[in-house]
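Here is the file upload10.txt (compact mmCIF, C-alpha atoms and all ligand atoms).
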# COMPACT_ATOMS: atom_id res chain seq x y z
CA MET A 1 180.81 54.88 228.53
CA GLN A 2 177.36 56.11 229.58
CA ILE A 3 174.56 53.56 229.99
CA THR A 4 171.18 55.26 230.40
CA PRO A 5 168.05 53.14 230.97
CA ILE A 6 165.13 54.03 228.69
CA GLU A 7 162.52 56.00 230.61
CA ASP A 8 159.22 54.41 231.62
CA LYS A 9 160.19 50.99 230.22
CA THR A 10 160.93 47.70 231.97
CA PHE A 11 163.91 47.15 229.66
CA GLY A 12 166.39 48.78 227.29
CA ALA A 13 169.21 51.30 227.61
CA VAL A 14 171.00 53.84 225.44
CA VAL A 15 174.80 53.58 225.39
CA THR A 16 176.92 56.59 224.47
CA ASP A 17 180.56 57.66 224.72
CA VAL A 18 181.86 54.44 223.24
CA SER A 19 183.01 53.51 219.71
CA LEU A 20 181.90 50.02 218.67
CA GLU A 21 184.28 50.15 215.70
CA ASN A 22 187.21 50.57 218.12
CA LEU A 23 185.81 48.65 221.07
CA THR A 24 188.45 47.42 223.52
CA ASP A 25 188.49 44.19 225.52
CA ALA A 26 188.36 46.32 228.65
CA GLU A 27 185.11 48.01 227.55
CA PHE A 28 183.26 44.90 226.41
CA PRO A 29 182.34 43.37 229.82
CA ASP A 30 180.23 46.45 230.67
CA ILE A 31 178.36 46.11 227.37
CA ARG A 32 177.85 42.41 227.89
CA SER A 33 176.43 42.86 231.38
CA ALA A 34 174.23 45.78 230.24
CA PHE A 35 172.94 43.58 227.40
CA ASN A 36 172.00 40.85 229.87
CA GLN A 37 170.48 43.32 232.30
CA TYR A 38 168.50 45.52 229.89
CA GLY A 39 167.72 43.08 227.05
CA PHE A 40 168.45 45.57 224.28
CA LEU A 41 170.93 48.40 223.84
CA VAL A 42 170.82 51.36 221.47
CA PHE A 43 174.16 52.84 220.36
CA PRO A 44 173.43 56.10 218.49
CA GLY A 45 175.78 57.61 215.93
CA GLN A 46 178.08 54.61 215.44
CA PHE A 47 178.07 54.29 211.61
CA LEU A 48 179.56 50.84 212.19
CA SER A 49 181.10 49.13 209.14
CA VAL A 50 180.14 45.65 207.92
CA GLU A 51 183.40 44.30 209.35
CA GLY A 52 182.77 46.21 212.58
CA ASN A 53 179.31 44.63 212.88
CA THR A 54 180.80 41.14 212.45
CA ALA A 55 183.57 41.83 214.98
CA PHE A 56 181.10 43.21 217.54
CA ALA A 57 178.75 40.24 217.04
CA GLU A 58 181.58 37.70 217.38
CA ARG A 59 182.23 38.99 220.89
CA PHE A 60 178.85 37.49 221.85
CA GLY A 61 179.33 34.06 220.29
CA LYS A 62 179.24 32.03 217.10
CA LEU A 63 177.40 33.70 214.22
CA HIS A 64 174.38 32.33 212.37
CA TYR A 65 175.64 34.43 209.47
CA ASP A 66 178.20 37.20 208.89
CA ALA A 67 177.13 40.83 208.85
CA HIS A 68 175.72 41.83 205.46
CA PRO A 69 173.96 44.84 203.94
CA MET A 70 170.20 44.41 203.65
CA ALA A 71 167.95 46.68 201.63
CA ASN A 72 164.51 46.85 200.04
CA LYS A 73 166.00 47.82 196.65
CA GLU A 74 168.11 45.92 194.13
CA ARG A 75 171.79 46.67 194.53
CA LYS A 76 173.65 47.35 191.29
CA GLU A 77 177.24 46.36 190.57
CA ASP A 78 178.48 49.91 191.24
CA GLY A 79 176.94 49.76 194.74
CA SER A 80 174.03 52.10 193.94
CA TYR A 81 170.42 51.03 194.37
CA GLY A 82 167.80 50.54 191.67
CA ASP A 83 164.15 49.51 191.87
CA THR A 84 162.32 48.38 194.98
CA VAL A 85 162.32 44.59 195.25
CA PRO A 86 158.88 43.32 194.11
CA TYR A 87 156.35 42.89 196.90
CA GLN A 88 155.64 39.37 195.69
CA SER A 89 159.28 38.27 196.06
CA GLN A 90 160.19 35.91 198.86
CA ARG A 91 162.57 38.56 200.20
CA MET A 92 159.79 41.11 200.71
CA ARG A 93 157.37 38.47 201.94
CA GLY A 94 159.96 37.67 204.60
CA VAL A 95 160.03 41.36 205.55
CA PHE A 96 156.22 41.43 205.80
CA GLY A 97 156.13 38.24 207.86
CA ASN A 98 158.50 39.79 210.36
CA GLN A 99 156.01 42.57 210.99
CA ASN A 100 154.54 40.01 213.39
CA TRP A 101 156.07 39.55 216.86
CA HIS A 102 158.80 36.92 216.81
CA THR A 103 162.15 35.78 218.09
CA ASP A 104 164.80 34.93 215.51
CA SER A 105 165.81 31.44 214.43
CA SER A 106 163.60 29.55 216.88
CA TYR A 107 162.74 27.39 213.82
CA MET A 108 166.35 26.16 213.67
CA PRO A 109 168.04 23.49 215.81
CA ILE A 110 169.83 26.26 217.74
CA SER A 111 167.77 29.40 218.27
CA SER A 112 169.43 32.81 218.28
CA LYS A 113 171.20 34.51 221.16
CA CYS A 114 171.01 38.03 219.79
CA GLY A 115 170.46 40.11 216.70
CA ILE A 116 172.33 43.27 215.76
CA LEU A 117 171.06 45.86 213.29
CA SER A 118 172.84 49.01 212.12
CA ALA A 119 170.96 51.68 210.19
CA VAL A 120 172.60 53.09 207.06
CA THR A 121 169.68 54.76 205.23
CA VAL A 122 166.20 55.10 206.70
CA PRO A 123 162.85 56.00 205.12
CA GLU A 124 161.09 59.25 206.06
CA TRP A 125 158.28 57.52 207.92
CA GLY A 126 157.75 54.12 209.49
CA GLY A 127 160.24 51.27 209.48
CA GLU A 128 160.58 51.23 213.25
CA THR A 129 161.77 48.08 214.99
CA GLU A 130 159.72 47.29 218.07
CA PHE A 131 160.77 45.19 221.05
CA ALA A 132 158.68 43.52 223.74
CA ASP A 133 159.92 42.33 227.13
CA MET A 134 159.04 38.66 227.68
CA ARG A 135 160.77 38.79 231.07
CA ALA A 136 158.52 41.50 232.52
CA GLY A 137 155.60 39.87 230.68
CA TYR A 138 156.20 36.55 232.42
CA ALA A 139 156.73 38.23 235.80
CA ALA A 140 153.37 40.01 235.50
CA LEU A 141 151.36 36.83 234.78
CA ASP A 142 149.00 35.64 237.50
CA GLN A 143 150.16 32.60 239.44
CA ALA A 144 147.53 30.28 237.92
CA THR A 145 148.82 31.05 234.42
CA LYS A 146 152.41 30.60 235.54
CA ASP A 147 151.52 27.23 237.02
CA ARG A 148 149.63 26.21 233.87
CA ILE A 149 152.51 26.96 231.49
CA GLU A 150 155.41 25.89 233.73
CA ASN A 151 156.00 22.60 231.93
CA LEU A 152 154.44 23.31 228.55
CA TYR A 153 156.39 23.10 225.28
CA ALA A 154 155.58 24.53 221.86
CA TYR A 155 156.92 23.64 218.43
CA HIS A 156 158.59 26.33 216.33
CA SER A 157 158.47 26.40 212.53
CA THR A 158 158.79 29.15 209.95
CA LYS A 159 156.84 27.17 207.38
CA GLN A 160 153.92 27.31 209.80
CA SER A 161 154.33 31.05 210.58
CA ALA A 162 154.57 32.05 206.90
CA ALA A 163 151.36 30.14 206.21
CA ARG A 164 149.49 31.45 209.24
CA ASP A 165 150.56 35.11 209.19
CA LEU A 166 150.61 35.69 205.43
CA GLY A 167 148.71 32.80 203.91
CA ASP A 168 152.09 32.21 202.27
CA LEU A 169 153.15 28.74 201.19
CA PRO A 170 156.72 29.38 200.04
CA PRO A 171 158.57 26.82 197.93
CA GLU A 172 160.74 24.35 199.77
CA ASP A 173 164.05 24.07 197.99
CA GLY A 174 165.88 22.25 200.75
CA LYS A 175 168.24 25.17 201.27
CA SER A 176 165.92 27.93 202.43
CA ILE A 177 164.61 28.46 205.94
CA PHE A 178 161.32 26.84 204.87
CA HIS A 179 161.54 23.18 205.70
CA ASP A 180 159.58 20.33 207.22
CA GLU A 181 161.18 20.47 210.66
CA ALA A 182 159.60 21.85 213.85
CA TYR A 183 161.61 22.24 217.02
CA LEU A 184 160.16 21.74 220.49
CA ARG A 185 161.04 24.44 223.03
CA PRO A 186 159.78 25.29 226.52
CA ILE A 187 157.26 28.15 226.74
CA VAL A 188 158.95 29.26 229.96
CA LYS A 189 162.63 29.79 229.34
CA VAL A 190 165.21 30.25 232.06
CA HIS A 191 167.62 32.83 230.74
CA PRO A 192 171.03 31.12 230.66
CA GLU A 193 172.97 34.18 231.83
CA THR A 194 170.62 35.86 234.32
CA GLY A 195 168.67 32.84 235.59
CA ILE A 196 165.47 34.89 235.19
CA LYS A 197 162.41 33.15 233.74
CA ASN A 198 160.74 34.58 230.66
CA LEU A 199 158.15 33.56 228.10
CA PHE A 200 159.53 32.10 224.89
CA ILE A 201 156.83 32.46 222.25
CA GLY A 202 156.26 34.45 219.02
CA ARG A 203 155.02 33.84 215.47
CA HIS A 204 157.05 30.69 214.88
CA ALA A 205 155.53 28.94 217.94
CA PHE A 206 152.56 26.59 217.49
CA GLY A 207 151.30 23.18 218.55
CA VAL A 208 151.64 23.32 222.33
CA GLN A 209 152.13 19.75 223.50
CA GLY A 210 149.11 18.29 225.28
CA LEU A 211 146.67 20.97 224.07
CA SER A 212 144.16 20.92 221.24
CA ARG A 213 144.87 23.15 218.24
CA GLU A 214 142.30 25.69 219.43
CA GLU A 215 143.65 25.70 222.99
CA SER A 216 147.18 26.07 221.71
CA ILE A 217 146.36 29.03 219.45
CA GLU A 218 144.34 30.64 222.25
CA LEU A 219 147.14 30.21 224.80
CA LEU A 220 149.98 31.45 222.58
CA THR A 221 147.93 34.39 221.31
CA SER A 222 146.81 35.41 224.79
CA LEU A 223 150.37 35.23 226.17
CA ARG A 224 151.70 37.37 223.32
CA ASP A 225 148.85 39.86 223.66
CA PHE A 226 149.45 40.06 227.40
CA VAL A 227 153.17 40.79 226.96
CA VAL A 228 152.51 43.67 224.55
CA SER A 229 149.41 45.01 226.36
CA ASP A 230 151.43 47.17 228.76
CA PRO A 231 153.26 50.11 227.14
CA SER A 232 156.08 49.78 229.67
CA ARG A 233 156.92 46.39 228.12
CA VAL A 234 157.05 47.64 224.51
CA TYR A 235 159.65 49.95 222.96
CA SER A 236 159.48 51.29 219.41
CA HIS A 237 162.83 52.29 217.96
CA ARG A 238 162.68 55.14 215.47
CA TRP A 239 165.90 54.65 213.49
CA GLN A 240 168.45 57.33 212.71
CA PRO A 241 171.32 56.65 210.30
CA GLY A 242 174.32 55.41 212.29
CA ASP A 243 172.29 53.70 215.03
CA THR A 244 173.34 50.22 216.09
CA VAL A 245 170.90 48.16 218.17
CA ILE A 246 171.52 44.79 219.80
CA TRP A 247 168.71 42.75 221.36
CA ASP A 248 168.45 39.49 223.26
CA ASN A 249 166.49 36.94 221.23
CA ARG A 250 166.25 34.67 224.26
CA SER A 251 164.07 37.07 226.25
CA LEU A 252 162.60 39.66 223.83
CA LEU A 253 160.11 39.62 221.01
CA HIS A 254 160.61 42.03 218.13
CA ARG A 255 158.84 43.06 214.96
CA ALA A 256 159.36 45.33 211.96
CA ARG A 257 156.92 48.12 211.17
CA PRO A 258 155.61 49.22 207.75
CA TYR A 259 157.18 52.14 205.92
CA ASP A 260 157.15 53.82 202.52
CA TYR A 261 158.59 50.94 200.48
CA SER A 262 159.40 53.25 197.57
CA GLN A 263 162.11 54.82 199.73
CA LEU A 264 165.45 53.16 200.38
CA ARG A 265 165.83 51.36 203.70
CA GLU A 266 169.36 50.06 204.08
CA PHE A 267 170.72 48.24 207.12
CA ILE A 268 173.58 45.98 208.12
CA ALA A 269 172.31 42.84 209.82
CA VAL A 270 174.08 40.10 211.76
CA ARG A 271 172.73 37.31 213.96
CA VAL A 272 174.48 35.44 216.76
CA ALA A 273 173.60 31.80 217.46
CA GLY A 274 172.53 30.68 220.90
CA ASP A 275 174.76 28.57 223.08
CA PRO A 276 174.46 24.82 222.32
CA GLU A 277 173.95 24.07 226.04
CA THR A 278 170.89 26.30 226.35
CA GLU A 279 169.41 27.14 222.90
CA PHE A 280 169.70 23.75 221.22
CA ALA A 281 166.57 21.66 220.62
CA TYR A 282 167.72 18.67 218.51
CA GLU A 283 169.05 17.89 215.06
CA PRO A 284 166.73 16.66 212.28
CA THR A 285 168.49 13.28 212.57
CA ASP A 286 167.40 12.94 216.22
CA PRO A 287 164.56 10.44 216.79
CA ARG A 288 162.63 13.25 218.56
CA ALA A 289 162.46 15.23 215.31
CA GLN A 290 159.81 12.91 213.85
CA ALA A 291 157.16 14.15 216.29
CA GLY A 292 157.93 17.70 215.16
CA ARG A 293 157.50 16.78 211.50
CA ASP A 294 154.23 14.99 212.27
CA THR A 295 152.87 17.92 214.28
CA LEU A 296 153.90 20.39 211.57
CA GLU A 297 152.30 18.36 208.81
CA ALA A 298 149.05 18.07 210.79
CA GLU A 299 149.10 21.85 211.31
CA MET A 300 149.84 22.49 207.62
CA VAL A 301 146.67 20.61 206.66
CA PHE A 302 144.68 23.33 208.44
CA LEU A 303 146.91 26.16 207.24
CA ARG A 304 146.83 25.15 203.57
CA GLU A 305 143.06 25.33 203.76
CA GLU A 306 143.11 28.63 205.65
CA ALA A 307 145.67 30.09 203.24
CA LYS A 308 143.26 29.78 200.32
CA ASN A 309 141.98 33.18 199.19
CA LYS A 310 144.04 35.05 201.76
CA ARG A 311 147.47 34.91 200.24
CA TYR A 312 149.91 37.29 201.97
CA LYS A 313 147.37 38.25 204.58
CA GLY A 314 149.09 40.39 207.20
CA THR A 315 151.11 42.15 204.54
CA SER A 316 151.35 45.90 204.83
CA ALA A 317 152.39 46.39 201.21
CA PRO A 318 149.46 47.80 199.19
CA GLU A 319 150.03 45.70 196.07
CA ALA A 320 150.44 42.48 197.99
CA ARG A 321 147.26 42.79 200.00
CA PRO A 322 144.64 40.21 199.17
CA THR A 323 141.80 41.55 197.10
CA ALA A 324 139.33 38.89 198.21
FE FE B 1 163.68 39.22 213.31
Kindly present the structure from the file in structure tokens form.
Ligand SMILES: [Fe+2]
Amino acid sequence: MQITPIEDKTFGAVVTDVSLENLTDAEFPDIRSAFNQYGFLVFPGQFLSVEGNTAFAERFGKLHYDAHPMANKERKEDGSYGDTVPYQSQRMRGVFGNQNWHTDSSYMPISSKCGILSAVTVPEWGGETEFADMRAGYAALDQATKDRIENLYAYHSTKQSAARDLGDLPPEDGKSIFHDEAYLRPIVKVHPETGIKNLFIGRHAFGVQGLSREESIELLTSLRDFVVSDPSRVYSHRWQPGDTVIWDNRSLLHRARPYDYSQLREFIAVRVAGDPETEFAYEPTDPRAQAGRDTLEAEMVFLREEAKNKRYKGTSAPEARPTA
């Protein structure tokens, strides 16, 4: 197995001479330690099956969901693809929302440990996945900022991020990811496996405890902008069919990039849950959850107003862009 750090970046490595489909117990510890060290790993030319994606993910921990194919077109019964999913659908709105920097599942009781994506079919242009290093970003902060944020906590909610980034107020059906809960998490996270401190922010974060709404937005925006301001802390992955990429949701931000939506983009996706000892906030039944609901509802009062006339703002899809 060859592990080659990505040039001129603070993070990331390319791993070759290994087959993830036939990975052995003897090979896995090197991958696990490289994952912790580099934050994300690119495995070119794997063409990993759905079952292989699940098996690889399960080596890292309990899954949020099993590996499944994910595409921008309707899948027919014979396995072929038909029309592009409408831009206005919740599925595509979710895709557009994730064109903003985020970390997965921070709006759930247990946030995610890592995500794994495997490319099956890629469009001719665009569709990159970009990663940003919140470890190097934290390390580069001035001491006054580090001191200021040391004990600050932010709430995380996807209802809030959909409203803020897209002007989207998706229906709450009780089963979807859009719900009335907001989970409080520290802005400075100590990585459970390396002990290294990193920022823990992104589009789902809002409502920093102890700050006004304006101060909170200003702080979270400036921290995110600082992380991505240095090219050495940002990596853009141009997908080739067969690539598998794993990234650490505890210490990296990521975002999707626009592409030609008329072309098929087909991936296999799987997400690993964080460890309950280190990525758990609280359950909705916990007395602490009420403060999250109250903070979210107060924020939604502003966002419902701001969402007027700018529905799906932030969307890269031409037809879904607001006309106002
Ligand atoms: Fe994501």
If you count all atoms listed in the file, which residues fall within 12 Å of Asp225 (chain A), apart from same-chain ones fewer than 2 positions away, as a ChimeraX atom specification? /A:100-101,132-134,137-138,141,201-203,217-223,227-231,233-234,253
Taking only C-alpha atoms and all ligand atoms into account, which residues have an atom no farther than 12 Å from ligand FE 1 (chain B)? I'd like them as a PyMOL selection string. chain A and resi 94-107+111-117+129-131+158+202-204+246-249+252-257+269-272
Counting all atoms listed in the file, figure out which residue out of A:Phe60, A:Phe11, A:Tyr183, A:Tyr259 gets nearest to Arg32 (chain A).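 Once distances to Arg32 (chain A) are computed over all atoms listed in the file, the minimum belongs to A:Phe60.
Among the candidates A:Ala144, A:Val15, A:Leu264, A:Met92, the one nearest to Arg75 (chain A) when counting all atoms listed in the file is A:Leu264.
Closest approach to Gly207 (chain A) among A:Arg135, A:Arg293, A:Lys62, A:Arg288 is made by A:Arg293 (distances from all atoms listed in the file).
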Could you give me, as an MDAnalysis selection string, the residues within 9 Å of Ala162 (chain A), counting all atoms listed in the file and dropping anything in the same chain fewer than 2 positions from it? chainID A and resid 93:94 97 157:160 164:170 178 203:204 312
